[in-house]
Each structure stands twice: as C-alpha cells, then as structure tokens.
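K.L.:
Following this message is one structure expressed as structure tokens.
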Amino acid sequence: MKKLSARRRHPLAALVVLLLALAATGGLYAAFAPAQKAQADDTAQSLKIEEGKKLYAVGCSSCHGTSGQGSKNDGPSLVGVGAAAVDFQVGTGRMPAQQPGSQIPKKKNIYTQEQIDALAAYIASLGPGPSVPEKSQYSPDGADAARGGELFRTNCAQCHNFTGKGGALTNGKYAPSLEDVDPKHIYEAMQTGPQSMPSFPDTTMPEDAKADIIAYLDAVNGEKTPSPGGLELGGIGPVSEGLFAWIFGLGAMIAVAIWVAARTTKAKKS
C-alpha cells in the first residue's frame with residue numbers, strides 16, 4: 001500500500017504539464033512566426049518586382065533595354081540608379097519620354113503611385129542605389145530655412161537662380177524652376193542628380209542639410225511668400241533687377257523728355 005501511494009501523482013502535476021506544454025507552444029510560435037512574416041514580406045516584394053518588370057517591358061525597355069542595361073543612342077543604363085531615381089523621373093512625368101532631346105521636360109504623370117512603386121522595386125532589384133526617402137527626411141517642418149538659403153546659394157543658385165526660378169544652361173539644357181515642386185522630388189533630385197544636375201548623396205550633403213534647402217525653397221516660393229520690393233520681375237536677382245530699372249526706367253525718362261521737347265517746339269512754331 002505504501003508503494004502504491006508513493007507512485008500516486010501530485011494533484012498539481014497535471015497543471016504543471018499543461019503550463020509546460022503552453023510554454024513550448026509559445027516558444028515554437030516565437031521561433032517560427034517572424035520567419036513566416038519575413039517570408040510573406042519577401043513574397044509581396046517579389047510580386048511587386050514582377051509587376052514592375054511587366055510595366056518596364058511595356059513603357060521603358062524600348063529605350064533602356066530589356067534588362068535595364070541601356071542603349072548607346074536612346075537611354076542610359078538603369079542598373080544602380082535606385083528606386084529614388086525612378087520615383088523622381090516617373091513621378092514628375094519626365095519618363096517615359098515623348099521623344100529624345102537635350103533635356104526631358106516635366107509633364108503630366110501617366111502612372112499611379114502603386115505602379116511607380118512597382119517600377120521602382122524592379123529597378124532597385126537590378127542593383128543597389130538610393131532608396132525613396134521617408135517623409136521625415138524631406139519634410140521642411142523644424143528645418144533651418146536660413147541655413148538652407150546659405151547652402152542653396154552655395155551649391156544650387158548658379159543654375160537654378162538664387163530663389164529657384166530656374167535658368168538657361170548650355171547646349172539647349174536648362175535648370176527647371178523649383179516652384180510648386182513636391183519636397184520629395186526635390187530631395188530625390190539632390191540624391192540622384194537627374195540630367196545635368198550633380199548628385200548630392202548623404203556623404204556629401206547630409207539629410208538635415210537637404211531638409212534645410214527644402215525649407216528655404218518653401219519660404220521663398222510659398223503661396224504666402226511676401227515680396228518686399230513690390231514687383232519681383234521673376235526673381236532674377238538684385239543686380240539684374242537694378243540693371244532692368246536703369247535701362248528701361250532711364251530709357252522711359254529720355255523718351256518722355258524728347259516727346260515733351262518736340263511738343264514744345266511745335267507749339268512755339270505755330
């Protein structure tokens with residue numbers, strides 16, 4: 001009888017076994033759930049890349065090659081340009097281009113943002129390059145517009161004018177106006193250096209510096225931007241505006257003086 005009672009299980013043994021089983025189940029879930037989530041993310045990314053490849057074959061391959069390798073006469077290689085370049089070029093309507101030229105102008109976009117994201121994913125899969133920035137990177141909120149003005153006048157004003165109005169370059173090219181440009185596209189242009197523009201990667205110009213420049217452009221080209229001097233004459237700068245005033249203002253005064261003198265002489269003769 002004593003041996004039988006010694007072998008009898010403790011009343012809490014079943015509860016302990018149940019807790020151990022639940023713990024083991026939780027451990028297995030913790031071990032396998034992240035892997036399942038990562039696998040699902042990889043599948044979704046693969047589907048996006050496949051969709052982007054189809055869009056690329058229809059709208060881009062005729063110039064940039066069937067695998068993004070580019071061609072000698074029409075389009076450059078897209079290997080390594082990154083998702084940011086695609087988001088900028090396609091998002092601003094510059095690509096697909098209507099026809100080859102010295103510079104591709106901005107036009108109405110024909111793709112949805114989902115399609116642009118798919119194209120960007122496919123091009124990014126061809127080689128590493130700048131990624132599409134997050135809103136926190138290009139938002140002008142909290143940025144230093146005064147410092148951005150210094151950076152812009154040092155690095156950008158030579159082509160885009162000191163208030164971003166744009167200007168002419170050589171061989172039929174031009175620096176486009178930066179008025180009403182999406183901050184994300186300005187950031188991407190600095191990252192990727194489209195067409196004649198040099199690129200400013202984070203190693204050359206950090207994220208906060210890019211945000212400062214965007215804040216400056218928002219300050220000088222915003223809807224509520226004041227014009228202390230009255231008529232801004234396109235914002236072409238104080239030297240050019242002063243020269244305009246001297247030439248046309250002085251010319252107008254001379255013309256009025258000649259007209260008054262001629263009328264006076266006629267009156268005397270009559």
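Convention: chains lettered A, B, ... in structure tokens order; per-chain residue numbering from 1; ligands numbered from 1 as shown.
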Could you give me, as JSON, numbers by chain, the residues within 10 Å of segment 114-130 of chain A, counting only C-alpha atoms and dropping anything in the same chain fewer than 6 positions from it?

P.N.:
{"A": [45, 46, 47, 48, 49, 50, 51, 52, 53, 54, 55, 56, 60, 67, 68, 69, 78, 79, 80, 81, 82, 83, 84, 85, 86, 87, 88, 89, 90, 91, 188, 191, 192, 201, 202]}

K.L.:
Enumerate the residues of segment 148-192 of chain A with a DSSP assignment of helix (DSSP H, G or I), computed from the backbone, and present them as a list of chain:residue names.

P.N.:
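Matching residues, listed in order: A:Gly148, A:Gly149, A:Glu150, A:Leu151, A:Phe152, A:Arg153, A:Thr154, A:Asn155, A:Ala157, A:Gln158, A:Cys159, A:His160, A:Pro183, A:Lys184, A:His185, A:Ile186, A:Tyr187, A:Glu188, A:Ala189, A:Met190, A:Gln191, A:Thr192.
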
K.L.:
Got time to write the residues from that selection, C-alpha atoms, as a CSV table (one decimal), in the first residue's frame?

P.N.:
chain,number,residue,atom,x,y,z
A,148,GLY,CA,19.2,76.2,-46.2
A,149,GLY,CA,19.4,79.5,-48.0
A,150,GLU,CA,23.2,79.6,-47.5
A,151,LEU,CA,23.5,76.0,-48.8
A,152,PHE,CA,21.3,76.7,-51.8
A,153,ARG,CA,23.2,79.9,-52.8
A,154,THR,CA,26.5,78.0,-52.5
A,155,ASN,CA,25.5,74.8,-54.3
A,157,ALA,CA,21.9,79.1,-57.3
A,158,GLN,CA,24.4,79.1,-60.1
A,159,CYS,CA,21.9,77.1,-62.2
A,160,HIS,CA,18.5,77.4,-60.5
A,183,PRO,CA,9.5,68.3,-51.5
A,184,LYS,CA,10.0,64.6,-52.0
A,185,HIS,CA,11.0,65.1,-55.6
A,186,ILE,CA,13.4,67.9,-54.6
A,187,TYR,CA,15.1,65.5,-52.1
A,188,GLU,CA,15.2,62.7,-54.7
A,189,ALA,CA,16.8,65.1,-57.3
A,190,MET,CA,19.5,66.0,-54.8
A,191,GLN,CA,20.1,62.3,-54.1
A,192,THR,CA,20.2,61.1,-57.7

K.L.:
Against segment 103-108 of chain A, which residues of segment 132-197 of chain A fall within 9 Å? For each one I want the closest pair of atoms and the distance in Å (one decimal), counting only C-alpha atoms, rows by chain and increasing residue number, as a Markdown table.

P.N.:
| residue | atom | partner | partner_atom | distance |
| --- | --- | --- | --- | --- |
| A:Gly172 | CA | A:Gln103 | CA | 7.4 |
| A:Lys173 | CA | A:Gln103 | CA | 5.6 |
| A:Tyr174 | CA | A:Gln103 | CA | 7.6 |
| A:Pro176 | CA | A:Pro105 | CA | 8.5 |
| A:Gln195 | CA | A:Gln103 | CA | 7.2 |
| A:Ser196 | CA | A:Gln103 | CA | 8.5 |

K.L.:
Which one is closest to Gly142 of chain A: A:Ile214, A:Ala255, A:Met95, A:Val260? Count only C-alpha atoms.

P.N.:
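Looking only at the distances to Gly142 of chain A, the closest residue turns out to be A:Ile214.
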
K.L.:
From the DSSP assignment of the backbone, select every residue of segment 25-253 of chain A that is strand (DSSP E), and format the answer as a ChimeraX atom specification.

P.N.:
/A:167-168,174-175

K.L.:
For atom CA of Asp74 of chain A and atom CA of Asp180 of chain A, quote the distance in Å rounded to one decimal.

P.N.:
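Distance between the two atoms: 29.7 Å.
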
K.L.:
Calculate how many Å separate atom CA of Gly164 of chain A from atom CA of Asp208 of chain A, rounding to one decimal.

P.N.:
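So the two atoms, atom CA of Gly164 of chain A and atom CA of Asp208 of chain A, lie 19.2 Å apart.
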
K.L.:
To one decimal place in Å, what is the distance between atom CA of Pro76 of chain A and atom CA of Cys63 of chain A?

P.N.:
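Here the two named atoms are 8.1 Å from each other.
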